[in-house]
Structures are given as C-alpha cells and as structure tokens.
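K.L.:
So that we are looking at the same thing, I have put the structure below in structure tokens.
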Amino acid sequence: MPAPNLFKRALQARQPQIGLWSTLPFPMVSELIAGAGFDWLLIDTEHTPSDPIVVQQLLQAVAAERERPSSAVVRPAWNDTVLIKRHLDVGAQSLLLPFVQNRAEAEAAVAATRYPPRGVRGMGGSMRASRFGRDADYVRQAERELCVLVQIETMEALEQLEQIASVDGVDGVFIGPADLSASLGVAGELQHPKVRKAIDDAIARILACGKAPGILMLDEPRARQCLAQGALFVAVATDQVLLRKACDETAARFAGRPDGGAPAAY
C-alpha cells in the first residue's frame, strides 16, 4: 500500500501549504531544510544539475526527518513521459510539471502518471516506489496517492487556464511568476502591475475551477497577499537565496577591520 500523500490531502482539504524551493542537490542540505518546519519542499530538476538518481537520494533525505516532516514535491526538467516515469519509480508522489500550455499537454501530464488503461506509465518491476516489489498493491493503488501539479508560465497558457485546470487528474495549477513576467514583456519585474494583475486573476480562476492554486513568491508581503486570495501551496523562500543572503550579509558585516581601517590581507 503506497504511503499516504499528506500534501495532496491537505490541498483537497483546502489547507494552505507553505513551502521552500530547493535547488541545492545535496542530500545533507535536503535533510537539513526538511527539519525547518515547512509543509512542503520543492525538489527542482529543471534548473539544477539533478537526475533521478540524485532525486532518489534527496527524497530519502527528506523522509529521514521524523520530528518535523515536510512533503516532497519533485519538478522534472520537462513535461516528459519518460522523465515522469523515472521520478515516480524512484518514489516521488507529487510532481510539478513545467511549461504546460494547453489542455492536451495537461492531459499528457496526467496520463504519464497513470498505468494503462487510464494512462501510459510503463510497468516497472522492483522499483523503489513499490518497496522494490514488496508492495503488491502499488500498481492498483498508486494513482490515489499521486498529486499532479501543472505549471502555467505564459500569457498563452493563461488564456487556456480553464481548459488546463478542468483536466481530470490535475490537482493544482502553479503560476510561474518569473517566466510570466517575461511573457508579459517585463522580465524579472514580479511586482509590475501587469504581473500582479495576471497572478491575482489566475488565482481566482483556478479556485473557480475547483483546483488548488500555487506560486513561488519570495516577497513576504506579496506571498501573504497570495495566500489571502486563496493560493493553497506557496513557496516563500529558496535554499540557495537564503544561503547567498546570509553569506553576503555576514561577509559585509566583517568586510572592514574593527577600527574602520582597510580590510586585512589574507
């Protein structure tokens, strides 16, 4: 019997989930941040040098935290049937599929997570997801605990939002703010009025479709606004940015000698 997907169940119950975006593909980092108390962690492979072997190690590291556990969500590098199969086989239960532009691509994402006749997922033998074949019910029960999130990142996708969100098997729709800003002609300006309006409208439309809206938003006041508007899975920080800022701020505090003179040579 597959383990219960607490993240999926929280979304179904409309319980907001606060997350951390993880881009540092090292098990010790994953284990460290898993104990911080976030509801979910995004394990990214789209913009990181990760593969399913690394993802398996990161999933194991996240699962090692028992006192303050977080749910792992894996983002494959692309909405690709083979990549989806490989991440599911190593034990991912929740997937965020990037750059879904229309209903057909959303349907393909769902089909890749389902075994025939409901989908096209290949049958594996002794894979980690089925406890290396010990779980004889995995094939019949896996679909119930899988969570499929699709990512809309362009104005073209927003125009098709209702068609995408209405696909059976799509549990949530994630708004990619950075790529959306580029699509709107204001790349990197996440607080631009055009971007803010597009995000606000998308959250409301996703909720109207009965699906869970999600977003990555590092600006805390804006993240809280998105939550207040009904966003249900919101990543509010990234491990790499947290580390970079802490390093930069600490170095800056000690950049000069205590007496105000020039930095010491070393």
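Identifiers in this document derive from the order of the structure tokens: chains are assigned A, B, ..., residues are numbered from 1 separately in each chain, and ligands are numbered from 1 in order of occurrence.
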Find the residues near region 55-71 of chain A: any atom within 8 Å, counting only C-alpha atoms, skip ones fewer than 4 places away on the same chain, and give them as an MDAnalysis selection string.
P.N.:
chainID A and resid 5:7 25:28 30:31 34:41 43 50:51 87 90:92
K.L.:
Keeping N, CA and C atoms for every residue in the selection just given, could you write it to a file as a PDB file, in the first residue's frame?
P.N.:
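Printed below is again.pdb as written:
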ATOM      1  N   ASN A   5      -0.327  10.424   0.840  1.00  0.00           N
ATOM      2  CA  ASN A   5       0.237  11.686   0.369  1.00  0.00           C
ATOM      3  C   ASN A   5      -0.399  12.820   1.168  1.00  0.00           C
ATOM      4  N   LEU A   6       0.272  13.242   2.228  1.00  0.00           N
ATOM      5  CA  LEU A   6      -0.280  14.249   3.117  1.00  0.00           C
ATOM      6  C   LEU A   6      -0.428  15.604   2.426  1.00  0.00           C
ATOM      7  N   PHE A   7       0.479  15.895   1.492  1.00  0.00           N
ATOM      8  CA  PHE A   7       0.403  17.155   0.742  1.00  0.00           C
ATOM      9  C   PHE A   7      -0.868  17.185  -0.103  1.00  0.00           C
ATOM     10  N   PRO A  25      21.250  20.391  -4.884  1.00  0.00           N
ATOM     11  CA  PRO A  25      21.000  18.952  -4.989  1.00  0.00           C
ATOM     12  C   PRO A  25      21.959  18.103  -4.158  1.00  0.00           C
ATOM     13  N   PHE A  26      21.887  18.292  -2.841  1.00  0.00           N
ATOM     14  CA  PHE A  26      22.759  17.551  -1.940  1.00  0.00           C
ATOM     15  C   PHE A  26      21.926  16.991  -0.790  1.00  0.00           C
ATOM     16  N   PRO A  27      22.002  15.693  -0.533  1.00  0.00           N
ATOM     17  CA  PRO A  27      21.154  15.074   0.496  1.00  0.00           C
ATOM     18  C   PRO A  27      21.249  15.733   1.858  1.00  0.00           C
ATOM     19  N   MET A  28      22.454  16.145   2.274  1.00  0.00           N
ATOM     20  CA  MET A  28      22.567  16.756   3.592  1.00  0.00           C
ATOM     21  C   MET A  28      21.798  18.073   3.656  1.00  0.00           C
ATOM     22  N   SER A  30      19.096  18.746   1.872  1.00  0.00           N
ATOM     23  CA  SER A  30      17.681  18.379   1.895  1.00  0.00           C
ATOM     24  C   SER A  30      17.247  17.937   3.279  1.00  0.00           C
ATOM     25  N   GLU A  31      18.094  17.152   3.944  1.00  0.00           N
ATOM     26  CA  GLU A  31      17.755  16.692   5.287  1.00  0.00           C
ATOM     27  C   GLU A  31      17.711  17.866   6.262  1.00  0.00           C
ATOM     28  N   ALA A  34      14.581  19.978   5.581  1.00  0.00           N
ATOM     29  CA  ALA A  34      13.355  19.227   5.852  1.00  0.00           C
ATOM     30  C   ALA A  34      12.940  19.342   7.310  1.00  0.00           C
ATOM     31  N   GLY A  35      13.874  19.644   8.185  1.00  0.00           N
ATOM     32  CA  GLY A  35      13.556  19.779   9.595  1.00  0.00           C
ATOM     33  C   GLY A  35      13.168  21.178  10.022  1.00  0.00           C
ATOM     34  N   ALA A  36      13.062  22.104   9.068  1.00  0.00           N
ATOM     35  CA  ALA A  36      12.776  23.500   9.415  1.00  0.00           C
ATOM     36  C   ALA A  36      11.312  23.729   9.767  1.00  0.00           C
ATOM     37  N   GLY A  37      10.434  22.850   9.297  1.00  0.00           N
ATOM     38  CA  GLY A  37       9.024  23.003   9.604  1.00  0.00           C
ATOM     39  C   GLY A  37       8.152  23.466   8.450  1.00  0.00           C
ATOM     40  N   PHE A  38       8.691  23.498   7.237  1.00  0.00           N
ATOM     41  CA  PHE A  38       7.863  23.818   6.076  1.00  0.00           C
ATOM     42  C   PHE A  38       6.912  22.655   5.784  1.00  0.00           C
ATOM     43  N   ASP A  39       5.752  22.976   5.233  1.00  0.00           N
ATOM     44  CA  ASP A  39       4.793  21.924   4.884  1.00  0.00           C
ATOM     45  C   ASP A  39       5.281  21.094   3.704  1.00  0.00           C
ATOM     46  N   TRP A  40       5.970  21.744   2.754  1.00  0.00           N
ATOM     47  CA  TRP A  40       6.427  21.027   1.565  1.00  0.00           C
ATOM     48  C   TRP A  40       7.742  21.620   1.080  1.00  0.00           C
ATOM     49  N   LEU A  41       8.496  20.791   0.393  1.00  0.00           N
ATOM     50  CA  LEU A  41       9.758  21.197  -0.222  1.00  0.00           C
ATOM     51  C   LEU A  41       9.692  20.873  -1.706  1.00  0.00           C
ATOM     52  N   ILE A  43      11.688  19.944  -4.808  1.00  0.00           N
ATOM     53  CA  ILE A  43      12.973  19.439  -5.300  1.00  0.00           C
ATOM     54  C   ILE A  43      13.025  19.721  -6.797  1.00  0.00           C
ATOM     55  N   SER A  50      20.371  18.026 -11.558  1.00  0.00           N
ATOM     56  CA  SER A  50      19.894  16.806 -10.903  1.00  0.00           C
ATOM     57  C   SER A  50      19.359  15.820 -11.936  1.00  0.00           C
ATOM     58  N   ASP A  51      19.306  14.555 -11.529  1.00  0.00           N
ATOM     59  CA  ASP A  51      18.711  13.497 -12.331  1.00  0.00           C
ATOM     60  C   ASP A  51      17.972  12.569 -11.374  1.00  0.00           C
ATOM     61  N   HIS A  87      10.928   9.536 -12.297  1.00  0.00           N
ATOM     62  CA  HIS A  87      10.793  10.159 -10.977  1.00  0.00           C
ATOM     63  C   HIS A  87       9.756   9.442 -10.125  1.00  0.00           C
ATOM     64  N   VAL A  90      11.304   6.194  -8.645  1.00  0.00           N
ATOM     65  CA  VAL A  90      12.226   6.322  -7.509  1.00  0.00           C
ATOM     66  C   VAL A  90      11.519   6.807  -6.251  1.00  0.00           C
ATOM     67  N   GLY A  91      10.198   7.031  -6.339  1.00  0.00           N
ATOM     68  CA  GLY A  91       9.442   7.297  -5.134  1.00  0.00           C
ATOM     69  C   GLY A  91       8.747   8.634  -5.027  1.00  0.00           C
ATOM     70  N   ALA A  92       8.834   9.502  -6.037  1.00  0.00           N
ATOM     71  CA  ALA A  92       8.109  10.766  -5.989  1.00  0.00           C
ATOM     72  C   ALA A  92       6.606  10.497  -6.019  1.00  0.00           C
TER      73      ALA A  92
END
K.L.:
Quick one: everything within 9 Å of region 165-171 of chain A, counting only C-alpha atoms, minus sequence neighbours fewer than 3 positions away in the same chain. Send it as a PDB file with N, CA, C and O atoms, in the first residue's frame.
P.N.:
ATOM      1  N   LYS A   8      -1.147  16.120  -0.822  1.00  0.00           N
ATOM      2  CA  LYS A   8      -2.344  16.061  -1.655  1.00  0.00           C
ATOM      3  C   LYS A   8      -3.601  16.178  -0.802  1.00  0.00           C
ATOM      4  O   LYS A   8      -4.550  16.896  -1.155  1.00  0.00           O
ATOM      5  N   LEU A  11      -4.217  19.752   0.269  1.00  0.00           N
ATOM      6  CA  LEU A  11      -4.784  20.562  -0.810  1.00  0.00           C
ATOM      7  C   LEU A  11      -6.264  20.251  -0.997  1.00  0.00           C
ATOM      8  O   LEU A  11      -7.078  21.161  -1.211  1.00  0.00           O
ATOM      9  N   GLN A  12      -6.627  18.997  -0.930  1.00  0.00           N
ATOM     10  CA  GLN A  12      -8.034  18.610  -1.072  1.00  0.00           C
ATOM     11  C   GLN A  12      -8.881  19.206   0.040  1.00  0.00           C
ATOM     12  O   GLN A  12     -10.053  19.549  -0.165  1.00  0.00           O
ATOM     13  N   ARG A 103      -4.669  22.230 -22.868  1.00  0.00           N
ATOM     14  CA  ARG A 103      -5.357  21.064 -22.314  1.00  0.00           C
ATOM     15  C   ARG A 103      -4.658  19.764 -22.699  1.00  0.00           C
ATOM     16  O   ARG A 103      -4.505  18.867 -21.867  1.00  0.00           O
ATOM     17  N   ALA A 106      -1.714  19.149 -20.533  1.00  0.00           N
ATOM     18  CA  ALA A 106      -2.138  18.772 -19.188  1.00  0.00           C
ATOM     19  C   ALA A 106      -2.616  17.327 -19.164  1.00  0.00           C
ATOM     20  O   ALA A 106      -2.317  16.567 -18.226  1.00  0.00           O
ATOM     21  N   GLU A 107      -3.349  16.927 -20.188  1.00  0.00           N
ATOM     22  CA  GLU A 107      -3.821  15.538 -20.279  1.00  0.00           C
ATOM     23  C   GLU A 107      -2.638  14.574 -20.397  1.00  0.00           C
ATOM     24  O   GLU A 107      -2.640  13.491 -19.796  1.00  0.00           O
ATOM     25  N   ALA A 109       0.333  15.070 -19.176  1.00  0.00           N
ATOM     26  CA  ALA A 109       0.980  15.013 -17.864  1.00  0.00           C
ATOM     27  C   ALA A 109       0.285  14.013 -16.965  1.00  0.00           C
ATOM     28  O   ALA A 109       0.929  13.187 -16.300  1.00  0.00           O
ATOM     29  N   VAL A 110      -1.034  14.054 -16.934  1.00  0.00           N
ATOM     30  CA  VAL A 110      -1.793  13.116 -16.104  1.00  0.00           C
ATOM     31  C   VAL A 110      -1.614  11.691 -16.609  1.00  0.00           C
ATOM     32  O   VAL A 110      -1.374  10.763 -15.823  1.00  0.00           O
ATOM     33  N   ALA A 111      -1.708  11.500 -17.916  1.00  0.00           N
ATOM     34  CA  ALA A 111      -1.592  10.151 -18.481  1.00  0.00           C
ATOM     35  C   ALA A 111      -0.250   9.521 -18.154  1.00  0.00           C
ATOM     36  O   ALA A 111      -0.156   8.298 -17.950  1.00  0.00           O
ATOM     37  N   CYS A 147      -0.030  13.132  -6.783  1.00  0.00           N
ATOM     38  CA  CYS A 147      -0.509  14.505  -6.910  1.00  0.00           C
ATOM     39  C   CYS A 147       0.131  15.128  -8.152  1.00  0.00           C
ATOM     40  O   CYS A 147       1.362  15.184  -8.256  1.00  0.00           O
ATOM     41  N   VAL A 148      -0.701  15.583  -9.070  1.00  0.00           N
ATOM     42  CA  VAL A 148      -0.224  16.160 -10.326  1.00  0.00           C
ATOM     43  C   VAL A 148      -0.490  17.662 -10.318  1.00  0.00           C
ATOM     44  O   VAL A 148      -1.637  18.108 -10.261  1.00  0.00           O
ATOM     45  N   LEU A 149       0.579  18.425 -10.382  1.00  0.00           N
ATOM     46  CA  LEU A 149       0.509  19.878 -10.439  1.00  0.00           C
ATOM     47  C   LEU A 149       1.082  20.329 -11.778  1.00  0.00           C
ATOM     48  O   LEU A 149       2.149  19.867 -12.175  1.00  0.00           O
ATOM     49  N   VAL A 150       0.380  21.198 -12.464  1.00  0.00           N
ATOM     50  CA  VAL A 150       0.868  21.686 -13.752  1.00  0.00           C
ATOM     51  C   VAL A 150       1.216  23.160 -13.625  1.00  0.00           C
ATOM     52  O   VAL A 150       0.565  23.908 -12.892  1.00  0.00           O
ATOM     53  N   GLN A 160      -5.595  29.701 -21.736  1.00  0.00           N
ATOM     54  CA  GLN A 160      -6.147  28.347 -21.757  1.00  0.00           C
ATOM     55  C   GLN A 160      -6.362  27.799 -20.335  1.00  0.00           C
ATOM     56  O   GLN A 160      -6.573  26.595 -20.163  1.00  0.00           O
ATOM     57  N   LEU A 161      -6.316  28.669 -19.332  1.00  0.00           N
ATOM     58  CA  LEU A 161      -6.290  28.216 -17.944  1.00  0.00           C
ATOM     59  C   LEU A 161      -7.453  27.296 -17.594  1.00  0.00           C
ATOM     60  O   LEU A 161      -7.265  26.236 -16.990  1.00  0.00           O
ATOM     61  N   GLU A 162      -8.661  27.685 -17.915  1.00  0.00           N
ATOM     62  CA  GLU A 162      -9.819  26.858 -17.559  1.00  0.00           C
ATOM     63  C   GLU A 162      -9.757  25.490 -18.226  1.00  0.00           C
ATOM     64  O   GLU A 162     -10.116  24.475 -17.609  1.00  0.00           O
ATOM     65  N   ILE A 206      -8.349  29.752 -11.003  1.00  0.00           N
ATOM     66  CA  ILE A 206      -8.016  28.372 -10.621  1.00  0.00           C
ATOM     67  C   ILE A 206      -8.948  27.904  -9.514  1.00  0.00           C
ATOM     68  O   ILE A 206      -9.466  26.778  -9.544  1.00  0.00           O
ATOM     69  N   CYS A 209     -12.270  26.918 -10.721  1.00  0.00           N
ATOM     70  CA  CYS A 209     -12.272  25.603 -11.387  1.00  0.00           C
ATOM     71  C   CYS A 209     -12.244  24.458 -10.373  1.00  0.00           C
ATOM     72  O   CYS A 209     -12.272  23.286 -10.763  1.00  0.00           O
ATOM     73  N   GLY A 210     -12.140  24.794  -9.091  1.00  0.00           N
ATOM     74  CA  GLY A 210     -12.105  23.773  -8.068  1.00  0.00           C
ATOM     75  C   GLY A 210     -10.745  23.137  -7.869  1.00  0.00           C
ATOM     76  O   GLY A 210     -10.649  22.064  -7.263  1.00  0.00           O
ATOM     77  N   LYS A 211      -9.703  23.794  -8.346  1.00  0.00           N
ATOM     78  CA  LYS A 211      -8.350  23.265  -8.207  1.00  0.00           C
ATOM     79  C   LYS A 211      -7.520  24.160  -7.284  1.00  0.00           C
ATOM     80  O   LYS A 211      -7.888  25.296  -6.990  1.00  0.00           O
ATOM     81  N   ALA A 212      -6.384  23.638  -6.842  1.00  0.00           N
ATOM     82  CA  ALA A 212      -5.529  24.354  -5.897  1.00  0.00           C
ATOM     83  C   ALA A 212      -4.554  25.268  -6.636  1.00  0.00           C
ATOM     84  O   ALA A 212      -3.786  24.795  -7.473  1.00  0.00           O
TER      85      ALA A 212
END
K.L.:
Provide the CA of Thr238 (chain A) to CA of Leu88 (chain A) distance in Å, to one decimal place.
P.N.:
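For CA of Thr238 (chain A) relative to CA of Leu88 (chain A), the distance reads 23.5 Å.
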K.L.:
To one decimal place in Å, what is the distance between CA of Thr23 (chain A) and CA of Gln240 (chain A)?
P.N.:
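CA of Gln240 (chain A) lies 6.4 Å from CA of Thr23 (chain A).
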K.L.:
Once DSSP has gone over the backbone, tell me which residues of region 91-158 of chain A are in helix (DSSP H, G or I), as a PyMOL selection string.
P.N.:
chain A and resi 103-111+128-130+138-145+155-158
K.L.:
Could you go through region 119-201 of chain A and tell me which residues DSSP, when run on the backbone, assigns to strand (DSSP E), listing them as a list in words?
P.N.:
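Restricting region 119-201 of chain A to strand (DSSP E) produces Cys147, Val148, Leu149, Val150, Gln151, Ile152, Gly172, Val173, Phe174 and Ile175 of chain A.
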K.L.:
Name all residues at most 10 Å from region 122-136 of chain A (count only C-alpha atoms; drop same-chain ones fewer than 5 positions away) and give them as a JSON list (two decimals) with C-alpha atoms, in the first residue's frame.
P.N.:
[["chain", "number", "residue", "atom", "x", "y", "z"],
["A", 1, "MET", "CA", 0.00, 0.00, 0.00],
["A", 2, "PRO", "CA", 1.52, 3.36, -1.02],
["A", 3, "ALA", "CA", 2.20, 5.79, 1.79],
["A", 56, "GLN", "CA", 16.06, 9.45, -5.07],
["A", 81, "THR", "CA", 6.56, 10.87, -20.17],
["A", 82, "VAL", "CA", 9.93, 9.21, -19.64],
["A", 85, "LYS", "CA", 8.04, 7.68, -15.12],
["A", 86, "ARG", "CA", 11.59, 7.73, -13.79],
["A", 87, "HIS", "CA", 10.79, 10.16, -10.98],
["A", 88, "LEU", "CA", 7.70, 8.21, -9.98],
["A", 89, "ASP", "CA", 9.66, 4.96, -9.97],
["A", 90, "VAL", "CA", 12.23, 6.32, -7.51],
["A", 91, "GLY", "CA", 9.44, 7.30, -5.13],
["A", 92, "ALA", "CA", 8.11, 10.77, -5.99],
["A", 93, "GLN", "CA", 4.41, 11.07, -5.17],
["A", 112, "ALA", "CA", 2.12, 9.81, -17.78],
["A", 113, "THR", "CA", 1.34, 9.20, -14.10],
["A", 114, "ARG", "CA", -1.35, 6.55, -14.70],
["A", 115, "TYR", "CA", -0.92, 2.91, -15.58],
["A", 116, "PRO", "CA", -2.88, 1.53, -18.54],
["A", 141, "GLN", "CA", -3.34, 1.88, -5.50],
["A", 142, "ALA", "CA", -0.62, 4.30, -6.64]]
K.L.:
Could you give me, as a compact mmCIF listing (two decimals) with N, CA and C atoms, in the first residue's frame, the residues within 12 Å of region 152-156 of chain A, counting only C-alpha atoms and dropping anything in the same chain fewer than 6 positions from it?
P.N.:
# COMPACT_ATOMS: atom_id res chain seq x y z
N ASN A 79 7.82 18.37 -19.01
CA ASN A 79 6.60 17.56 -19.00
C ASN A 79 6.78 16.43 -20.00
N LEU A 96 5.47 18.48 -10.06
CA LEU A 96 5.13 19.78 -10.64
C LEU A 96 5.70 19.79 -12.06
N LEU A 97 4.82 19.78 -13.05
CA LEU A 97 5.24 19.67 -14.45
C LEU A 97 5.32 21.06 -15.08
N PRO A 98 6.52 21.45 -15.56
CA PRO A 98 6.70 22.82 -16.07
C PRO A 98 6.12 23.03 -17.46
N PHE A 99 5.85 24.30 -17.74
CA PHE A 99 5.52 24.81 -19.07
C PHE A 99 4.39 24.03 -19.75
N VAL A 100 3.28 23.91 -19.05
CA VAL A 100 2.07 23.31 -19.63
C VAL A 100 1.28 24.43 -20.28
N GLN A 101 1.04 24.32 -21.57
CA GLN A 101 0.48 25.42 -22.35
C GLN A 101 -0.99 25.25 -22.71
N ASN A 102 -1.50 24.02 -22.67
CA ASN A 102 -2.86 23.80 -23.13
C ASN A 102 -3.43 22.51 -22.54
N ARG A 103 -4.67 22.23 -22.87
CA ARG A 103 -5.36 21.06 -22.31
C ARG A 103 -4.66 19.76 -22.70
N GLU A 105 -1.55 19.16 -23.30
CA GLU A 105 -0.32 18.94 -22.53
C GLU A 105 -0.64 18.59 -21.08
N ALA A 106 -1.71 19.15 -20.53
CA ALA A 106 -2.14 18.77 -19.19
C ALA A 106 -2.62 17.33 -19.16
N GLU A 162 -8.66 27.69 -17.92
CA GLU A 162 -9.82 26.86 -17.56
C GLU A 162 -9.76 25.49 -18.23
N GLN A 163 -9.29 25.45 -19.47
CA GLN A 163 -9.17 24.17 -20.16
C GLN A 163 -8.11 23.29 -19.49
N ILE A 164 -7.03 23.91 -19.05
CA ILE A 164 -5.97 23.16 -18.37
C ILE A 164 -6.45 22.66 -17.01
N ALA A 165 -7.04 23.56 -16.23
CA ALA A 165 -7.44 23.22 -14.87
C ALA A 165 -8.58 22.21 -14.82
N GLY A 172 -3.61 20.59 -9.00
CA GLY A 172 -3.33 22.00 -8.75
C GLY A 172 -2.66 22.64 -9.94
N VAL A 173 -2.73 23.96 -9.99
CA VAL A 173 -2.13 24.74 -11.06
C VAL A 173 -1.19 25.76 -10.43
N PHE A 174 0.07 25.68 -10.83
CA PHE A 174 1.11 26.53 -10.28
C PHE A 174 1.40 27.67 -11.25
N ILE A 175 1.43 28.88 -10.73
CA ILE A 175 1.72 30.06 -11.55
C ILE A 175 3.21 30.35 -11.46
N GLY A 176 3.90 30.32 -12.59
CA GLY A 176 5.33 30.61 -12.62
C GLY A 176 5.56 32.10 -12.82
N PRO A 177 5.83 32.86 -11.75
CA PRO A 177 5.86 34.33 -11.88
C PRO A 177 7.00 34.87 -12.72
N ALA A 178 8.17 34.24 -12.67
CA ALA A 178 9.31 34.78 -13.40
C ALA A 178 9.10 34.67 -14.91
N ASP A 179 8.75 33.48 -15.38
CA ASP A 179 8.51 33.31 -16.82
C ASP A 179 7.29 34.10 -17.26
N LEU A 180 6.31 34.22 -16.37
CA LEU A 180 5.13 35.01 -16.72
C LEU A 180 5.52 36.47 -16.93
N SER A 181 6.40 36.99 -16.09
CA SER A 181 6.83 38.38 -16.27
C SER A 181 7.53 38.57 -17.60
N ALA A 182 8.32 37.58 -18.01
CA ALA A 182 8.99 37.66 -19.32
C ALA A 182 7.97 37.63 -20.45
N SER A 183 6.96 36.76 -20.30
CA SER A 183 5.93 36.67 -21.33
C SER A 183 5.16 37.98 -21.46
N LEU A 184 5.06 38.72 -20.35
CA LEU A 184 4.34 39.99 -20.37
C LEU A 184 5.23 41.16 -20.80
N GLY A 185 6.49 40.88 -21.10
CA GLY A 185 7.39 41.92 -21.56
C GLY A 185 8.06 42.72 -20.47
N ALA A 187 10.37 41.27 -17.98
CA ALA A 187 11.13 40.17 -17.39
C ALA A 187 11.77 40.56 -16.06
N LYS A 194 1.17 44.73 -14.27
CA LYS A 194 0.65 43.74 -15.21
C LYS A 194 0.84 42.32 -14.68
N VAL A 195 1.97 42.08 -14.03
CA VAL A 195 2.25 40.76 -13.48
C VAL A 195 1.34 40.49 -12.28
N ALA A 198 -2.17 39.71 -13.47
CA ALA A 198 -2.27 38.39 -14.09
C ALA A 198 -2.27 37.30 -13.02
N ILE A 199 -1.43 37.46 -11.99
CA ILE A 199 -1.37 36.47 -10.91
C ILE A 199 -2.67 36.47 -10.11
N ASP A 201 -5.66 37.41 -11.02
CA ASP A 201 -6.74 36.84 -11.83
C ASP A 201 -6.61 35.32 -11.92
N ALA A 202 -5.38 34.84 -12.08
CA ALA A 202 -5.16 33.41 -12.23
C ALA A 202 -5.54 32.66 -10.95
N ILE A 203 -5.19 33.20 -9.79
CA ILE A 203 -5.55 32.54 -8.53
C ILE A 203 -7.07 32.39 -8.44
N ILE A 206 -8.35 29.75 -11.00
CA ILE A 206 -8.02 28.37 -10.62
C ILE A 206 -8.95 27.90 -9.51
N PRO A 213 -4.55 26.57 -6.33
CA PRO A 213 -3.56 27.46 -6.94
C PRO A 213 -2.25 27.44 -6.14
N GLY A 214 -1.14 27.58 -6.86
CA GLY A 214 0.16 27.63 -6.20
C GLY A 214 1.05 28.66 -6.85
N ILE A 215 2.10 29.06 -6.13
CA ILE A 215 3.04 30.06 -6.66
C ILE A 215 4.32 30.05 -5.83
N LEU A 216 5.41 30.51 -6.43
CA LEU A 216 6.66 30.81 -5.73
C LEU A 216 6.73 32.32 -5.60
K.L.:
So that I can check the surroundings of region 14-17 of chain A, please list as a count of residues only every protein, DNA and RNA residue that reaches within 6 Å of it, counting only C-alpha atoms and ignoring chain neighbours fewer than 4 positions away.
P.N.:
4
K.L.:
Name the closest residue to Leu95 (chain A) among the candidates A:Gln151, A:Pro49, A:Gly256, A:Leu20; distances are taken between atoms, counting only C-alpha atoms.
P.N.:
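Between A:Gln151, A:Pro49, A:Gly256, A:Leu20, the residue approaching Leu95 (chain A) most closely is A:Gln151.
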